[in-house]
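J.: Would you mind keeping the following structure in view while I ask a few things?
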Amino acid sequence: MTPEQLLQGLLQGTAPVQRRAMAKAITLLESTRADHRLQADELLTGLLPHTGKSFRLGISGVPGVGKSTFIEALGLYLIGQGHRVAVLAVDPSSTVSGGSILGDKTRMEHLSVHPDAYIRPSPSSGTLGGVAEKTREAMLVCEAAGYDVVIVETVGVGQSETAVANMTDMFCLLQLPNAGDDLQAIKKGVMEIADLVVINKADIDANAAMRAEAQITSALRLLGMHGRESVHPEDHASVRPEPSTVRPELVDSVRPELVEGQPGAIQASTGSARTEQSSARTERWHPKVVKISALLGQGVDAFWAAVTEFKALQTANGKFALRREQQALAWMWERIEAGLKQSFRTQAAVRQLLPQLSLQVSQGQVAASTAARQLLAAYTDRFTVRAEPVEALLSSTTSPSTGSGRTGTVSSGRTGG
Ligand code: GDP
C-alpha cells in the first residue's frame, strides 16, 4: 500500500479497512529501512492535519500495580460514554529482551475485542528514544483514525516515565496503598512529573489506602509540587529549542509564567483587581490523589472526573496547548540530536579515528575534551568544504511568494505532532 492509500484507509475506510490500515501504517512507521522511512514521512505529513484532537493520557506504575486491570476498566467506561480508545505502550524492557509485555492484548481481555478500542503492544526493538518515537507516531495514526482518547502505558522503571510524560497531555502514576512504594516513587522523582496519583487496590485495605492518600498528598505539598508547572522543564533542558527559531512564548519553557503577555503568563498579583477571566487563565493545576479499585471498577468515574477537570483548567489557562507545542519542539530537537549522533558515528573519518582516540582517552593519554574536539573537527570538515551561504539555503526552503526568503519561517499551524 502506498502512503496515500494508507491515509485513505485510515480516514475513510470501513471499520475493518481502517483497522488494517492502522496496523500497516504503524508497521511502516516502525520500520528502520531507509526507503520505508521516506514513505513514513510522507504518511506522517498527510496524517498531521487530522491529528491532535484526542486526549493523550499517560499511565505508569510498577508491574503488578494493576495497570492493565485499570486500563481495561477505564477503557470500557470511556467507550460506554461514547469515546473511542487506543492503548499504546512504551516498554523499556522490550528493548533489551526483544519481547513486549505492555500493551499485550491478552492483558485486556474485554477491551481488546471491543470494536471501539485499539490496542498496540510496545515496539520491541531499538533504544528507549527510538521506542518512544515509534509510540508517538503510532499515537498520530490512532488520532487520525478518530480515536479520541489515547492511553500510553509504561512501567515504573527508569526513563520511560519521563518519555511518556513528555508525549502526553496528562501523566498519571498508579501506586499501591503501601508506604514503601510511595517513598520509592518520591525518591526516584517520578512523583514530581505526575499530574494525578492513583492509589489502586483500595478494596484490599481501605485504611491503608486512606493513609497512602494522606501521605502522598502531604508529600506532594512538602516537595513543593503543588502549583508547579505541569510541563516538566528539566526534561527539556537538553533539548531546549534555539531561541531564534521559536515563538517567544516557547523560548522560556522553564518559566513560561515569566514571559509577559504570553499564554500561561501570570498577571501581577498587585495593582488592579483581577477579572474572573484572568484568574481562570492564571489558575494552576494542583496534582491530586484519588483512590480506586480497578478490579471492582470503583473510582473510575472519579478518576475521569479529575481528568476532565485537569483538561478544562489547562485549556483555560493556556497550558494545554503550550505543553503540546513544547513537546513537539522538544521532540524535534531530541530527534535532531539522535540523528546527528547517528550520522557522527557512521561518518568515515570519525569511524577511523574513534577506536584509537577512545583508547587514548580511557588510558588517560588524551584529554576527553581534546579527543571530542578532534573528532568533531573531523566530522565537520566535510561540511565546511561545500558550505553554502545561509541566505542561499534559506531562500531554497521558502516559497517564491515570500520574497527574499530571509525569514525562513515554518507554518506553526499544527501542535499535534
Ligand atoms: P500490571 O502489571 O500493572 O498491569 O497489573 P495487573 O493489572 O496485571 O494486575 C496485577 C494483579 O493485581 C492481578 O492479579 C489483578 O487482578 C490484581 N489487581 C489489579 N487491580 C486490583 C484491585 O483494584 N484490587 C485487587 N484486589 N486486585 C487488583
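To be explicit about the labels: the chains of the C-alpha cells are called A, B, and onward in the order shown, and within each one the residues are counted from 1, while ligands get numbers from 1 in the order they are shown.
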Counting only C-alpha atoms and all ligand atoms, which residues in chain A sit no more than 6 Å from ligand 1? For each one, give the nearest pair of atoms and the distance in Å, sorted by chain then residue number, as a Markdown table.
T.:
```
| residue | atom | partner | partner_atom_place_in_ligand_line | distance |
| --- | --- | --- | --- | --- |
| A:Pro63 | CA | ligand 1 | 2 (O) | 3.8 |
| A:Gly64 | CA | ligand 1 | 2 (O) | 3.6 |
| A:Val65 | CA | ligand 1 | 3 (O) | 4.1 |
| A:Gly66 | CA | ligand 1 | 7 (O) | 3.2 |
| A:Lys67 | CA | ligand 1 | 3 (O) | 3.7 |
| A:Ser68 | CA | ligand 1 | 7 (O) | 3.9 |
| A:Thr69 | CA | ligand 1 | 7 (O) | 3.8 |
| A:Asn200 | CA | ligand 1 | 23 (O) | 5.2 |
| A:Lys201 | CA | ligand 1 | 23 (O) | 3.4 |
| A:Asp203 | CA | ligand 1 | 24 (N) | 5.7 |
| A:Ile204 | CA | ligand 1 | 26 (N) | 5.3 |
| A:Ser293 | CA | ligand 1 | 23 (O) | 3.4 |
| A:Ala294 | CA | ligand 1 | 23 (O) | 3.9 |
| A:Leu295 | CA | ligand 1 | 23 (O) | 4.1 |
```
J.: Create the file for the chosen residues now, containing N, CA and C atoms and written as a tab-separated table (two decimals), in the first residue's frame.
T.:
```tsv
chain	number	residue	atom	x	y	z
A	63	PRO	N	5.21	-3.07	37.82
A	63	PRO	CA	4.49	-4.28	37.42
A	63	PRO	C	3.66	-4.80	38.59
A	64	GLY	N	2.43	-5.17	38.31
A	64	GLY	CA	1.58	-5.72	39.37
A	64	GLY	C	0.71	-4.69	40.07
A	65	VAL	N	0.93	-3.42	39.79
A	65	VAL	CA	0.14	-2.38	40.46
A	65	VAL	C	-1.31	-2.38	39.97
A	66	GLY	N	-1.52	-2.93	38.78
A	66	GLY	CA	-2.88	-3.03	38.26
A	66	GLY	C	-3.14	-2.17	37.03
A	67	LYS	N	-2.09	-1.89	36.26
A	67	LYS	CA	-2.25	-1.03	35.08
A	67	LYS	C	-3.23	-1.60	34.08
A	68	SER	N	-3.03	-2.87	33.73
A	68	SER	CA	-3.90	-3.41	32.67
A	68	SER	C	-5.33	-3.58	33.18
A	69	THR	N	-5.48	-3.95	34.46
A	69	THR	CA	-6.83	-4.06	35.03
A	69	THR	C	-7.51	-2.69	34.97
A	200	ASN	N	-4.33	2.41	43.72
A	200	ASN	CA	-5.16	1.28	43.28
A	200	ASN	C	-5.24	0.23	44.39
A	201	LYS	N	-6.13	-0.72	44.21
A	201	LYS	CA	-6.34	-1.83	45.16
A	201	LYS	C	-6.81	-1.32	46.52
A	203	ASP	N	-9.57	-1.64	47.63
A	203	ASP	CA	-10.50	-2.63	48.21
A	203	ASP	C	-9.82	-3.56	49.20
A	204	ILE	N	-8.53	-3.75	49.04
A	204	ILE	CA	-7.83	-4.72	49.90
A	204	ILE	C	-7.76	-4.22	51.35
A	293	SER	N	-10.46	1.09	42.98
A	293	SER	CA	-10.25	-0.35	42.89
A	293	SER	C	-10.52	-0.72	41.44
A	294	ALA	N	-9.44	-0.94	40.71
A	294	ALA	CA	-9.59	-1.26	39.28
A	294	ALA	C	-10.33	-2.58	39.12
A	295	LEU	N	-10.05	-3.50	40.04
A	295	LEU	CA	-10.65	-4.83	39.95
A	295	LEU	C	-12.17	-4.76	40.08
```
J.: Calculate how many Å separate CA of Trp304 in chain A from CA of Ile26 in chain A, rounding to one decimal.
T.: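 Computed distance, CA of Trp304 in chain A to CA of Ile26 in chain A, equals 28.2 Å.
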J.: Restricting the calculation to only C-alpha atoms, which member of A:Arg19, A:Lys311, A:Lys24, A:Lys291 is positioned closest to Gln175 in chain A?
T.: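 Looking only at the distances to Gln175 in chain A, the closest residue turns out to be A:Lys291.
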J.: Which residue out of A:Ser54, A:Gln360, A:Gln342, A:Ser60 has the minimum interatomic distance to Val85 in chain A when only C-alpha atoms are used?
T.: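 Comparing A:Ser54, A:Gln360, A:Gln342, A:Ser60 against Val85 in chain A, the winner is A:Ser54.
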J.: Please provide the set of residues having any atom within 9 Å of Ala145 in chain A, restricted to only C-alpha atoms, with same-chain residues fewer than 5 positions apart removed, written as a PyMOL selection string.
T.: chain A and resi 9-12+18-19+22+50-51+140
J.: What would the file look like if the residues just selected were written as a compact mmCIF listing (two decimals), in the first residue's frame with N, CA and C atoms?
T.:
```
# COMPACT_ATOMS: atom_id res chain seq x y z
N GLY A 9 -7.39 4.82 3.79
CA GLY A 9 -7.94 3.75 4.62
C GLY A 9 -8.16 4.21 6.06
N LEU A 10 -7.20 4.99 6.56
CA LEU A 10 -7.29 5.48 7.94
C LEU A 10 -8.43 6.47 8.12
N LEU A 11 -8.56 7.34 7.13
CA LEU A 11 -9.52 8.43 7.30
C LEU A 11 -10.93 8.05 6.88
N GLN A 12 -11.02 7.21 5.85
CA GLN A 12 -12.35 6.96 5.29
C GLN A 12 -12.76 5.51 5.23
N GLN A 18 -10.10 0.22 8.09
CA GLN A 18 -9.37 1.18 8.92
C GLN A 18 -8.40 0.45 9.87
N ARG A 19 -8.87 -0.63 10.46
CA ARG A 19 -8.04 -1.40 11.40
C ARG A 19 -6.78 -1.94 10.69
N MET A 22 -4.46 0.87 9.96
CA MET A 22 -3.74 1.31 11.16
C MET A 22 -2.54 0.40 11.43
N HIS A 50 -4.89 15.76 10.57
CA HIS A 50 -6.03 15.03 11.15
C HIS A 50 -5.71 14.58 12.58
N THR A 51 -4.62 15.08 13.14
CA THR A 51 -4.22 14.63 14.48
C THR A 51 -4.42 15.75 15.50
N LEU A 140 -0.25 9.32 16.56
CA LEU A 140 -0.79 10.17 15.49
C LEU A 140 -1.69 9.36 14.56
```
J.: Need the shell around range 370-372 of chain A: protein/DNA/RNA residues with any atom at most 10 Å away, counting only C-alpha atoms. Skip same-chain ones fewer than 3 positions apart. Format as an MDAnalysis selection string?
T.: chainID A and resid 353:354 356:358 360:361 366:367 375:378
J.: Output C-alpha atoms of each residue in that selection to a file, as an mmCIF file, in the first residue's frame.
T.:
```cif
data_model
loop_
_atom_site.group_PDB
_atom_site.id
_atom_site.type_symbol
_atom_site.label_atom_id
_atom_site.label_comp_id
_atom_site.auth_asym_id
_atom_site.auth_seq_id
_atom_site.Cartn_x
_atom_site.Cartn_y
_atom_site.Cartn_z
ATOM 1 C CA LEU A 353 39.692 7.989 14.419
ATOM 2 C CA LEU A 354 37.281 6.785 17.084
ATOM 3 C CA GLN A 356 42.340 4.941 18.704
ATOM 4 C CA LEU A 357 41.137 8.129 20.390
ATOM 5 C CA SER A 358 38.750 6.167 22.640
ATOM 6 C CA GLN A 360 43.837 7.042 24.420
ATOM 7 C CA VAL A 361 41.095 8.760 26.406
ATOM 8 C CA VAL A 366 44.493 12.293 25.655
ATOM 9 C CA ALA A 367 42.029 14.580 27.439
ATOM 10 C CA LEU A 375 36.518 14.081 16.347
ATOM 11 C CA LEU A 376 34.092 16.948 15.868
ATOM 12 C CA ALA A 377 36.614 18.698 13.637
ATOM 13 C CA ALA A 378 36.987 15.548 11.547
#
```
J.: Would you pick out the contacts of Glu30 in chain A at 10 Å or less, using only C-alpha atoms, so that residues sharing its chain but fewer than 5 positions from it are not included, and give the list as a PyMOL selection string?
T.: chain A and resi 24-25+36-37+40+123-126+130-131+133-135+137-138
J.: Would you put the residues from that selection into a file with N, CA and C atoms, as a PDB file, in the first residue's frame?
T.:
```
ATOM      1  N   LYS A  24      -0.977  -1.526   9.330  1.00  0.00           N
ATOM      2  CA  LYS A  24       0.039  -1.370   8.276  1.00  0.00           C
ATOM      3  C   LYS A  24       0.790  -0.054   8.436  1.00  0.00           C
ATOM      4  N   ALA A  25       0.056   1.001   8.764  1.00  0.00           N
ATOM      5  CA  ALA A  25       0.695   2.315   8.921  1.00  0.00           C
ATOM      6  C   ALA A  25       1.699   2.264  10.070  1.00  0.00           C
ATOM      7  N   HIS A  36      11.536   2.858   3.553  1.00  0.00           N
ATOM      8  CA  HIS A  36      10.303   2.888   4.343  1.00  0.00           C
ATOM      9  C   HIS A  36      10.183   4.205   5.106  1.00  0.00           C
ATOM     10  N   ARG A  37      11.344   4.684   5.552  1.00  0.00           N
ATOM     11  CA  ARG A  37      11.328   5.921   6.344  1.00  0.00           C
ATOM     12  C   ARG A  37      10.832   7.098   5.492  1.00  0.00           C
ATOM     13  N   ALA A  40       7.229   6.709   5.295  1.00  0.00           N
ATOM     14  CA  ALA A  40       6.656   7.008   6.609  1.00  0.00           C
ATOM     15  C   ALA A  40       6.528   8.522   6.798  1.00  0.00           C
ATOM     16  N   PRO A 123       6.671  -1.170  20.665  1.00  0.00           N
ATOM     17  CA  PRO A 123       7.652  -1.581  19.665  1.00  0.00           C
ATOM     18  C   PRO A 123       8.737  -2.367  20.387  1.00  0.00           C
ATOM     19  N   SER A 124       9.230  -3.420  19.738  1.00  0.00           N
ATOM     20  CA  SER A 124      10.075  -4.333  20.511  1.00  0.00           C
ATOM     21  C   SER A 124      11.561  -4.240  20.206  1.00  0.00           C
ATOM     22  N   SER A 125      11.972  -3.181  19.547  1.00  0.00           N
ATOM     23  CA  SER A 125      13.413  -3.063  19.367  1.00  0.00           C
ATOM     24  C   SER A 125      13.829  -1.614  19.313  1.00  0.00           C
ATOM     25  N   GLY A 126      15.103  -1.394  19.542  1.00  0.00           N
ATOM     26  CA  GLY A 126      15.640  -0.040  19.487  1.00  0.00           C
ATOM     27  C   GLY A 126      15.889   0.521  20.866  1.00  0.00           C
ATOM     28  N   GLY A 130      14.087   5.564  20.557  1.00  0.00           N
ATOM     29  CA  GLY A 130      13.501   5.017  19.337  1.00  0.00           C
ATOM     30  C   GLY A 130      12.109   4.457  19.589  1.00  0.00           C
ATOM     31  N   VAL A 131      11.966   3.725  20.685  1.00  0.00           N
ATOM     32  CA  VAL A 131      10.666   3.142  21.034  1.00  0.00           C
ATOM     33  C   VAL A 131       9.653   4.257  21.292  1.00  0.00           C
ATOM     34  N   GLU A 133       9.732   7.246  20.081  1.00  0.00           N
ATOM     35  CA  GLU A 133       9.426   7.893  18.801  1.00  0.00           C
ATOM     36  C   GLU A 133       8.342   7.121  18.055  1.00  0.00           C
ATOM     37  N   LYS A 134       8.506   5.797  18.010  1.00  0.00           N
ATOM     38  CA  LYS A 134       7.517   4.974  17.296  1.00  0.00           C
ATOM     39  C   LYS A 134       6.153   5.082  17.968  1.00  0.00           C
ATOM     40  N   THR A 135       6.157   5.106  19.286  1.00  0.00           N
ATOM     41  CA  THR A 135       4.880   5.184  20.005  1.00  0.00           C
ATOM     42  C   THR A 135       4.212   6.528  19.740  1.00  0.00           C
ATOM     43  N   GLU A 137       4.522   8.304  17.104  1.00  0.00           N
ATOM     44  CA  GLU A 137       3.982   8.311  15.745  1.00  0.00           C
ATOM     45  C   GLU A 137       2.730   7.435  15.646  1.00  0.00           C
ATOM     46  N   ALA A 138       2.735   6.310  16.378  1.00  0.00           N
ATOM     47  CA  ALA A 138       1.548   5.450  16.390  1.00  0.00           C
ATOM     48  C   ALA A 138       0.354   6.217  16.968  1.00  0.00           C
TER      49      ALA A 138
END
```
J.: Residues at most 7 Å from Val90 in chain A, counting only C-alpha atoms, excluding those fewer than 3 positions away in the same chain, as a ChimeraX atom specification?
T.: /A:122,131-132,135,153-154,160
J.: Pick out the closest residue to Gln327 in chain A from this set: A:Gln81, A:Thr162, A:Gln8, A:Thr32. Count only C-alpha atoms.
T.: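 Closest to Gln327 in chain A, using only C-alpha atoms: A:Thr162.
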J.: Per DSSP on the backbone, filter range 134-166 of chain A down to the residues in strand (DSSP E or B) and report them as an mmCIF file with N, CA and C atoms, in the first residue's frame.
T.:
```
data_model
loop_
_atom_site.group_PDB
_atom_site.id
_atom_site.type_symbol
_atom_site.label_atom_id
_atom_site.label_comp_id
_atom_site.auth_asym_id
_atom_site.auth_seq_id
_atom_site.Cartn_x
_atom_site.Cartn_y
_atom_site.Cartn_z
ATOM 1 N N VAL A 149 -9.428 9.178 22.727
ATOM 2 C CA VAL A 149 -8.640 9.045 23.959
ATOM 3 C C VAL A 149 -7.496 8.081 23.632
ATOM 4 N N VAL A 150 -6.278 8.556 23.774
ATOM 5 C CA VAL A 150 -5.123 7.679 23.549
ATOM 6 C C VAL A 150 -4.399 7.502 24.881
ATOM 7 N N ILE A 151 -4.354 6.259 25.332
ATOM 8 C CA ILE A 151 -3.678 5.953 26.591
ATOM 9 C C ILE A 151 -2.297 5.397 26.269
ATOM 10 N N VAL A 152 -1.269 5.990 26.844
ATOM 11 C CA VAL A 152 0.083 5.456 26.650
ATOM 12 C C VAL A 152 0.559 4.915 27.999
ATOM 13 N N GLU A 153 0.837 3.619 27.992
ATOM 14 C CA GLU A 153 1.164 2.931 29.233
ATOM 15 C C GLU A 153 2.673 2.702 29.306
ATOM 16 N N THR A 154 3.215 2.784 30.514
ATOM 17 C CA THR A 154 4.612 2.382 30.671
ATOM 18 C C THR A 154 4.822 1.794 32.059
ATOM 19 N N VAL A 155 5.961 1.145 32.268
ATOM 20 C CA VAL A 155 6.213 0.574 33.586
ATOM 21 C C VAL A 155 7.042 1.542 34.417
#
```
J.: Expressed in Å to a single decimal, how great is the separation between CA of Leu296 in chain A and CA of Asn207 in chain A?
T.: 17.2 Å
J.: By how many Å are CA of Thr217 in chain A and CA of Phe55 in chain A apart?
T.: 25.3 Å
